[in-house]
Amino acid sequence: MEYLIDSHAHLDDPRFDEDRDQLITQLNELGVDLVINPGADRTSSEKAISLSEIYENIYAAVGTHPHDADGFTEEDFAYYKQAASLPKVVAIGEIGLDYYYDNSPRELQKTVFRRQLELAEEVQLPVLIHSREADQDTFALLEEFQGRVKGVMHCYSGSVEMAKRYLGLGYYISLAGPVTFKNARVPKEVAAMVPADRLLVETDSPYLSPEPKRGKRNDPSKVVYVAREIAKLRGMSYEELAKLTRENTLRLFEKLR
């Protein structure tokens with residue numbers, strides 16, 4: 001059996017408070033053996049680290065999400081820098097830009113994003129990138145750090161053309177539940193196009209449950225549905241897809257090995 005790695009899940013979310021332990025301890029039986037839990041701010045980053053210390057199959061990332069950019073401080077930066085040396089902190093993230101909700105001013109989002117890219121370069125960890133309705137500015141910032149910072153476009157929702165541009169910078173593309181939606185033409189095209197050595201899978205739990213669980217709380221076990229759909233779109237077996245996405249995830253996040 002080929003086990004999957006869920007490369008992005010928010011298991012610290014309060015929606016898991018009632019069954020978190022049961023869920024995490026049974027993931028291996030459901031075909032998922034590792035999960036990366038990113039932070040969205042200082043508090044959730046601390047929670048992610050705590051979960052990684054309790055559970056062998058959980059790893060953490062630390063960072064400030066663009067929604068929370070207006071709360072970012074130099075004390076947060078110092079904390080993330082210190083945390084980056086922990087053995088189970090595998091990335092800086094989730095970081096990036098979000099012009100859909102605009103929960104923080106755009107210029108401040110860019111400032112905080114750049115600061116955390118600088119941190120990733122300094123501590124030599126990959127980044128988990130969030131970009132929504134902000135591809136031009138996201139690309140421009142990542143291009144500044146080309147060859148100095150590597151990472152993944154998490155829960156990718158952009159065009160095929162934009163995906164090719166990110167791939168050109170050396171980034172990986174990660175797909176989540178939306179690729180299973182019946183009307184999701186573009187995500188399916190992206191899934192078929194991404195080079196085999198640059199593809200990751202995730203759930204972005206508790207959000208974006210895949211078909212046939214759409215509308216319910218998502219969790220890492222449901223990454224199986226994402227992998228099945230992508231395998232079908234690429235004309236390969238589930239086992240082949242699981243193996244290649246696992247190898248890709250281990251290559252990008254070196255501390256997982």
# chains A, B, ... in the order shown; residues from 1 in each chain; ligands from 1
>>> residues_around(residues="A:Asn103", least_positions_apart="6", cutoff="9 Å", atoms="only C-alpha atoms", output="JSON list (two decimals) with N, CA, C and O atoms, in the first residue's frame")
[["chain", "number", "residue", "atom", "x", "y", "z"],
["A", 66, "PRO", "N", -1.64, 36.09, 5.07],
["A", 66, "PRO", "CA", -1.95, 37.47, 4.67],
["A", 66, "PRO", "C", -3.18, 38.07, 5.37],
["A", 66, "PRO", "O", -3.25, 39.28, 5.57],
["A", 67, "HIS", "N", -4.14, 37.23, 5.74],
["A", 67, "HIS", "CA", -5.30, 37.74, 6.47],
["A", 67, "HIS", "C", -4.88, 38.43, 7.77],
["A", 67, "HIS", "O", -5.56, 39.33, 8.25],
["A", 68, "ASP", "N", -3.78, 37.95, 8.34],
["A", 68, "ASP", "CA", -3.33, 38.42, 9.65],
["A", 68, "ASP", "C", -2.10, 39.31, 9.58],
["A", 68, "ASP", "O", -1.45, 39.55, 10.60],
["A", 69, "ALA", "N", -1.82, 39.82, 8.38],
["A", 69, "ALA", "CA", -0.61, 40.63, 8.20],
["A", 69, "ALA", "C", -0.58, 41.86, 9.09],
["A", 69, "ALA", "O", 0.49, 42.28, 9.56],
["A", 70, "ASP", "N", -1.76, 42.44, 9.37],
["A", 70, "ASP", "CA", -1.77, 43.66, 10.17],
["A", 70, "ASP", "C", -1.47, 43.40, 11.64],
["A", 70, "ASP", "O", -1.29, 44.34, 12.42]]
>>> residues_around(residues="A:Phe113", least_positions_apart="4", cutoff="10 Å", atoms="only C-alpha atoms", output="number ranges by chain")
A: 63-66, 69, 93-97, 107-109, 117-119, 129, 138, 141-142
>>> write_last_selection(atoms="N, CA, C and O atoms", output="PDB file, in the first residue's frame")
ATOM      1  N   GLY A  63       4.317  30.681  10.420  1.00  0.00           N
ATOM      2  CA  GLY A  63       4.240  31.886   9.611  1.00  0.00           C
ATOM      3  C   GLY A  63       2.955  32.644   9.840  1.00  0.00           C
ATOM      4  O   GLY A  63       2.061  32.182  10.549  1.00  0.00           O
ATOM      5  N   THR A  64       2.870  33.818   9.215  1.00  0.00           N
ATOM      6  CA  THR A  64       1.690  34.671   9.307  1.00  0.00           C
ATOM      7  C   THR A  64       1.001  34.756   7.954  1.00  0.00           C
ATOM      8  O   THR A  64       1.608  35.173   6.956  1.00  0.00           O
ATOM      9  N   HIS A  65      -0.252  34.353   7.923  1.00  0.00           N
ATOM     10  CA  HIS A  65      -1.114  34.366   6.744  1.00  0.00           C
ATOM     11  C   HIS A  65      -1.417  35.815   6.351  1.00  0.00           C
ATOM     12  O   HIS A  65      -1.466  36.697   7.217  1.00  0.00           O
ATOM     13  N   PRO A  66      -1.643  36.092   5.068  1.00  0.00           N
ATOM     14  CA  PRO A  66      -1.950  37.475   4.673  1.00  0.00           C
ATOM     15  C   PRO A  66      -3.180  38.067   5.369  1.00  0.00           C
ATOM     16  O   PRO A  66      -3.246  39.283   5.573  1.00  0.00           O
ATOM     17  N   ALA A  69      -1.820  39.825   8.385  1.00  0.00           N
ATOM     18  CA  ALA A  69      -0.607  40.627   8.199  1.00  0.00           C
ATOM     19  C   ALA A  69      -0.583  41.861   9.091  1.00  0.00           C
ATOM     20  O   ALA A  69       0.489  42.282   9.559  1.00  0.00           O
ATOM     21  N   GLY A  93       5.275  29.071   6.666  1.00  0.00           N
ATOM     22  CA  GLY A  93       3.969  29.169   6.030  1.00  0.00           C
ATOM     23  C   GLY A  93       2.837  28.989   7.021  1.00  0.00           C
ATOM     24  O   GLY A  93       3.061  28.552   8.156  1.00  0.00           O
ATOM     25  N   GLU A  94       1.756  29.422   6.682  1.00  0.00           N
ATOM     26  CA  GLU A  94       1.300  29.735   5.339  1.00  0.00           C
ATOM     27  C   GLU A  94       1.424  31.240   5.125  1.00  0.00           C
ATOM     28  O   GLU A  94       0.880  32.013   5.905  1.00  0.00           O
ATOM     29  N   ILE A  95       2.126  31.645   4.083  1.00  0.00           N
ATOM     30  CA  ILE A  95       2.386  33.058   3.820  1.00  0.00           C
ATOM     31  C   ILE A  95       1.955  33.400   2.398  1.00  0.00           C
ATOM     32  O   ILE A  95       1.744  32.509   1.578  1.00  0.00           O
ATOM     33  N   GLY A  96       1.819  34.691   2.105  1.00  0.00           N
ATOM     34  CA  GLY A  96       1.462  35.063   0.743  1.00  0.00           C
ATOM     35  C   GLY A  96       0.616  36.315   0.687  1.00  0.00           C
ATOM     36  O   GLY A  96       0.744  37.213   1.527  1.00  0.00           O
ATOM     37  N   LEU A  97      -0.293  36.349  -0.298  1.00  0.00           N
ATOM     38  CA  LEU A  97      -1.144  37.506  -0.550  1.00  0.00           C
ATOM     39  C   LEU A  97      -2.582  37.055  -0.796  1.00  0.00           C
ATOM     40  O   LEU A  97      -2.801  36.039  -1.457  1.00  0.00           O
ATOM     41  N   GLU A 107      -0.501  46.700   0.671  1.00  0.00           N
ATOM     42  CA  GLU A 107       0.914  47.035   0.804  1.00  0.00           C
ATOM     43  C   GLU A 107       1.519  46.388   2.043  1.00  0.00           C
ATOM     44  O   GLU A 107       2.669  45.950   2.024  1.00  0.00           O
ATOM     45  N   LEU A 108       0.740  46.318   3.107  1.00  0.00           N
ATOM     46  CA  LEU A 108       1.220  45.658   4.319  1.00  0.00           C
ATOM     47  C   LEU A 108       1.355  44.153   4.085  1.00  0.00           C
ATOM     48  O   LEU A 108       2.327  43.536   4.544  1.00  0.00           O
ATOM     49  N   GLN A 109       0.403  43.562   3.367  1.00  0.00           N
ATOM     50  CA  GLN A 109       0.521  42.146   3.015  1.00  0.00           C
ATOM     51  C   GLN A 109       1.838  41.879   2.296  1.00  0.00           C
ATOM     52  O   GLN A 109       2.539  40.906   2.589  1.00  0.00           O
ATOM     53  N   LEU A 117       9.680  35.768   3.340  1.00  0.00           N
ATOM     54  CA  LEU A 117      10.536  35.170   2.314  1.00  0.00           C
ATOM     55  C   LEU A 117      11.999  35.356   2.690  1.00  0.00           C
ATOM     56  O   LEU A 117      12.830  34.451   2.485  1.00  0.00           O
ATOM     57  N   GLU A 118      12.317  36.511   3.241  1.00  0.00           N
ATOM     58  CA  GLU A 118      13.676  36.751   3.725  1.00  0.00           C
ATOM     59  C   GLU A 118      14.036  35.770   4.837  1.00  0.00           C
ATOM     60  O   GLU A 118      15.151  35.244   4.889  1.00  0.00           O
ATOM     61  N   LEU A 119      13.065  35.508   5.711  1.00  0.00           N
ATOM     62  CA  LEU A 119      13.288  34.543   6.788  1.00  0.00           C
ATOM     63  C   LEU A 119      13.529  33.153   6.226  1.00  0.00           C
ATOM     64  O   LEU A 119      14.456  32.448   6.657  1.00  0.00           O
ATOM     65  N   ILE A 129       2.873  28.767   0.020  1.00  0.00           N
ATOM     66  CA  ILE A 129       2.372  30.032  -0.517  1.00  0.00           C
ATOM     67  C   ILE A 129       0.859  30.021  -0.698  1.00  0.00           C
ATOM     68  O   ILE A 129       0.303  29.150  -1.389  1.00  0.00           O
ATOM     69  N   THR A 138       2.121  38.227  -6.310  1.00  0.00           N
ATOM     70  CA  THR A 138       2.744  37.031  -5.731  1.00  0.00           C
ATOM     71  C   THR A 138       3.918  36.593  -6.588  1.00  0.00           C
ATOM     72  O   THR A 138       5.024  36.337  -6.073  1.00  0.00           O
ATOM     73  N   LEU A 141       7.017  38.926  -6.328  1.00  0.00           N
ATOM     74  CA  LEU A 141       7.786  38.754  -5.097  1.00  0.00           C
ATOM     75  C   LEU A 141       8.576  37.446  -5.107  1.00  0.00           C
ATOM     76  O   LEU A 141       9.749  37.411  -4.717  1.00  0.00           O
ATOM     77  N   LEU A 142       7.937  36.375  -5.568  1.00  0.00           N
ATOM     78  CA  LEU A 142       8.656  35.103  -5.628  1.00  0.00           C
ATOM     79  C   LEU A 142       9.805  35.168  -6.626  1.00  0.00           C
ATOM     80  O   LEU A 142      10.861  34.553  -6.408  1.00  0.00           O
TER      81      LEU A 142
END
>>> closest_residue(among="A:Val112, A:Leu30, A:Ala227, A:Val35", to="A:Ser205", atoms="only C-alpha atoms")
A:Val35
>>> residues_around(residues="A:Glu202", least_positions_apart="2", cutoff="6 Å", atoms="only C-alpha atoms", output="mmCIF file with C-alpha atoms, in the first residue's frame")
data_model
loop_
_atom_site.group_PDB
_atom_site.id
_atom_site.type_symbol
_atom_site.label_atom_id
_atom_site.label_comp_id
_atom_site.auth_asym_id
_atom_site.auth_seq_id
_atom_site.Cartn_x
_atom_site.Cartn_y
_atom_site.Cartn_z
ATOM 1 C CA ASP A 6 -1.298 15.551 3.237
ATOM 2 C CA SER A 7 0.976 18.508 2.566
ATOM 3 C CA HIS A 8 -1.346 21.121 4.115
ATOM 4 C CA ALA A 176 -6.868 20.063 -2.958
ATOM 5 C CA ASP A 204 -6.457 22.332 3.432
ATOM 6 C CA VAL A 223 -6.819 13.522 0.659
#
>>> closest_residue(among="A:Ile24, A:Leu167, A:Ala91, A:Ala84", to="A:Asn57", atoms="only C-alpha atoms")
A:Ile24
>>> closest_residue(among="A:Tyr79, A:Asp98, A:Ile5, A:Ala191", to="A:Glu247", atoms="only C-alpha atoms")
A:Ile5
>>> atom_distance(atom1="atom CA of A:Glu229", atom2="atom CA of A:Val190")
12.4 Å
>>> closest_atom_pairs(of="stretch 164-199 of chain A", to="stretch 249-255 of chain A", cutoff="9 Å", atoms="only C-alpha atoms", output="Markdown table")
| residue | atom | partner | partner_atom | distance |
| --- | --- | --- | --- | --- |
| A:Tyr172 | CA | A:Leu252 | CA | 8.4 |
| A:Arg198 | CA | A:Thr249 | CA | 8.9 |
| A:Leu199 | CA | A:Thr249 | CA | 8.4 |
>>> write_last_selection(atoms="N, CA and C atoms", output="PDB file, in the first residue's frame")
ATOM      1  N   TYR A 172       6.565  24.046  -6.693  1.00  0.00           N
ATOM      2  CA  TYR A 172       5.675  22.900  -6.811  1.00  0.00           C
ATOM      3  C   TYR A 172       4.234  23.405  -6.823  1.00  0.00           C
ATOM      4  N   ARG A 198       6.616  17.651  -9.801  1.00  0.00           N
ATOM      5  CA  ARG A 198       6.295  18.917  -9.127  1.00  0.00           C
ATOM      6  C   ARG A 198       4.898  18.943  -8.531  1.00  0.00           C
ATOM      7  N   LEU A 199       4.275  17.806  -8.410  1.00  0.00           N
ATOM      8  CA  LEU A 199       2.877  17.732  -7.978  1.00  0.00           C
ATOM      9  C   LEU A 199       2.765  17.264  -6.529  1.00  0.00           C
TER      10      LEU A 199
END
>>> residues_around(residues="A:Leu125", least_positions_apart="5", cutoff="7 Å", atoms="only C-alpha atoms", output="MDAnalysis selection string")
chainID A and resid 90:92 120
>>> write_last_selection(atoms="N, CA, C and O atoms", output="short mmCIF file (atom, residue, chain, number, x, y, z; two decimals), in the first residue's frame")
data_model
loop_
_atom_site.label_atom_id
_atom_site.label_comp_id
_atom_site.auth_asym_id
_atom_site.auth_seq_id
_atom_site.Cartn_x
_atom_site.Cartn_y
_atom_site.Cartn_z
N VAL A 90 9.08 22.18 9.31
CA VAL A 90 9.61 21.83 7.99
C VAL A 90 9.51 22.95 6.97
O VAL A 90 10.04 22.83 5.86
N ALA A 91 8.80 24.06 7.31
CA ALA A 91 8.58 25.12 6.31
C ALA A 91 8.19 26.42 7.00
O ALA A 91 7.82 26.44 8.19
N ILE A 92 8.25 27.50 6.23
CA ILE A 92 7.68 28.79 6.64
C ILE A 92 6.35 28.93 5.91
O ILE A 92 6.29 28.89 4.69
N ALA A 120 12.70 32.74 5.26
CA ALA A 120 12.86 31.42 4.66
C ALA A 120 14.24 31.26 4.04
O ALA A 120 14.87 30.20 4.16
#
>>> closest_residue(among="A:Pro220, A:Pro206, A:Thr111, A:Arg228", to="A:Asp17", atoms="only C-alpha atoms")
A:Pro206
>>> closest_residue(among="A:Tyr100, A:Pro38, A:Glu122, A:Arg165", to="A:Phe77", atoms="only C-alpha atoms")
A:Glu122
>>> residues_around(residues="A:Leu27", least_positions_apart="2", cutoff="12 Å", atoms="only C-alpha atoms", output="JSON, numbers by chain")
{"A": [3, 4, 5, 6, 20, 21, 22, 23, 24, 25, 29, 30, 31, 32, 33, 34, 35, 55, 56, 57, 58, 219, 220, 221, 222, 223, 224]}
>>> residues_around(residues="A:Leu244", least_positions_apart="2", cutoff="8 Å", atoms="only C-alpha atoms", output="list in words")
Ala196, Asp197, Leu199, Glu240, Leu241, Ala242, Arg246, Glu247 and Asn248 of chain A
>>> select_by_dssp(residues="stretch 141-250 of chain A", states="strand (DSSP E or B)", output="MDAnalysis selection string")
chainID A and resid 151:153 172:175 199:201 205
>>> write_last_selection(atoms="N, CA and C atoms", output="PDB file, in the first residue's frame")
ATOM      1  N   GLY A 151       9.566  26.338  -2.762  1.00  0.00           N
ATOM      2  CA  GLY A 151       8.323  26.094  -2.049  1.00  0.00           C
ATOM      3  C   GLY A 151       7.211  25.568  -2.928  1.00  0.00           C
ATOM      4  N   VAL A 152       5.983  25.720  -2.436  1.00  0.00           N
ATOM      5  CA  VAL A 152       4.817  25.159  -3.107  1.00  0.00           C
ATOM      6  C   VAL A 152       3.695  26.185  -3.137  1.00  0.00           C
ATOM      7  N   MET A 153       2.986  26.232  -4.267  1.00  0.00           N
ATOM      8  CA  MET A 153       1.756  27.014  -4.376  1.00  0.00           C
ATOM      9  C   MET A 153       0.645  26.147  -3.804  1.00  0.00           C
ATOM     10  N   TYR A 172       6.565  24.046  -6.693  1.00  0.00           N
ATOM     11  CA  TYR A 172       5.675  22.900  -6.811  1.00  0.00           C
ATOM     12  C   TYR A 172       4.234  23.405  -6.823  1.00  0.00           C
ATOM     13  N   ILE A 173       3.333  22.587  -7.317  1.00  0.00           N
ATOM     14  CA  ILE A 173       1.909  22.909  -7.345  1.00  0.00           C
ATOM     15  C   ILE A 173       1.169  21.863  -6.514  1.00  0.00           C
ATOM     16  N   SER A 174       0.385  22.326  -5.532  1.00  0.00           N
ATOM     17  CA  SER A 174      -0.391  21.418  -4.700  1.00  0.00           C
ATOM     18  C   SER A 174      -1.879  21.619  -4.966  1.00  0.00           C
ATOM     19  N   LEU A 175      -2.584  20.516  -5.131  1.00  0.00           N
ATOM     20  CA  LEU A 175      -4.022  20.560  -5.419  1.00  0.00           C
ATOM     21  C   LEU A 175      -4.811  19.936  -4.275  1.00  0.00           C
ATOM     22  N   LEU A 199       4.275  17.806  -8.410  1.00  0.00           N
ATOM     23  CA  LEU A 199       2.877  17.732  -7.978  1.00  0.00           C
ATOM     24  C   LEU A 199       2.765  17.264  -6.529  1.00  0.00           C
ATOM     25  N   LEU A 200       1.972  18.003  -5.734  1.00  0.00           N
ATOM     26  CA  LEU A 200       1.671  17.601  -4.367  1.00  0.00           C
ATOM     27  C   LEU A 200       0.157  17.530  -4.184  1.00  0.00           C
ATOM     28  N   VAL A 201      -0.278  16.849  -3.130  1.00  0.00           N
ATOM     29  CA  VAL A 201      -1.700  16.795  -2.787  1.00  0.00           C
ATOM     30  C   VAL A 201      -1.892  17.256  -1.352  1.00  0.00           C
ATOM     31  N   SER A 205      -7.618  21.066   5.144  1.00  0.00           N
ATOM     32  CA  SER A 205      -8.613  20.840   6.198  1.00  0.00           C
ATOM     33  C   SER A 205      -8.576  21.997   7.198  1.00  0.00           C
TER      34      SER A 205
END
>>> select_by_dssp(residues="stretch 13-249 of chain A", states="helix (DSSP H, G or I)", output="number ranges by chain")
A: 14-16, 20-26, 28-30, 42-54, 66-71, 74-83, 106-123, 135-144, 160-168, 177-180, 185-193, 196-198, 220-234, 238-249
>>> atom_distance(atom1="atom CA of A:Ala78", atom2="atom CA of A:Gln124")
15.2 Å
>>> atom_distance(atom1="atom CA of A:Pro14", atom2="atom CA of A:Pro126")
26.6 Å
>>> residues_around(residues="stretch 51-54 of chain A", least_positions_apart="4", cutoff="9 Å", atoms="only C-alpha atoms", output="MDAnalysis selection string")
chainID A and resid 11:12 36:37 46:47 58:60 88:89
>>> write_last_selection(atoms="C-alpha atoms", output="mmCIF file, in the first residue's frame")
data_model
loop_
_atom_site.group_PDB
_atom_site.id
_atom_site.type_symbol
_atom_site.label_atom_id
_atom_site.label_comp_id
_atom_site.auth_asym_id
_atom_site.auth_seq_id
_atom_site.Cartn_x
_atom_site.Cartn_y
_atom_site.Cartn_z
ATOM 1 C CA LEU A 11 -5.501 20.333 12.486
ATOM 2 C CA ASP A 12 -5.131 23.025 15.153
ATOM 3 C CA ILE A 36 2.055 19.092 7.511
ATOM 4 C CA ASN A 37 0.181 21.556 9.738
ATOM 5 C CA GLU A 46 2.576 27.531 18.389
ATOM 6 C CA LYS A 47 -0.362 25.111 18.275
ATOM 7 C CA ILE A 58 2.324 15.507 12.357
ATOM 8 C CA TYR A 59 4.856 18.114 11.211
ATOM 9 C CA ALA A 60 4.580 21.891 11.507
ATOM 10 C CA LYS A 88 9.702 18.978 13.077
ATOM 11 C CA VAL A 89 9.261 22.517 11.704
#
>>> closest_residue(among="A:Tyr171, A:Tyr156, A:Tyr225, A:Phe145", to="A:Glu189", atoms="only C-alpha atoms")
A:Tyr156
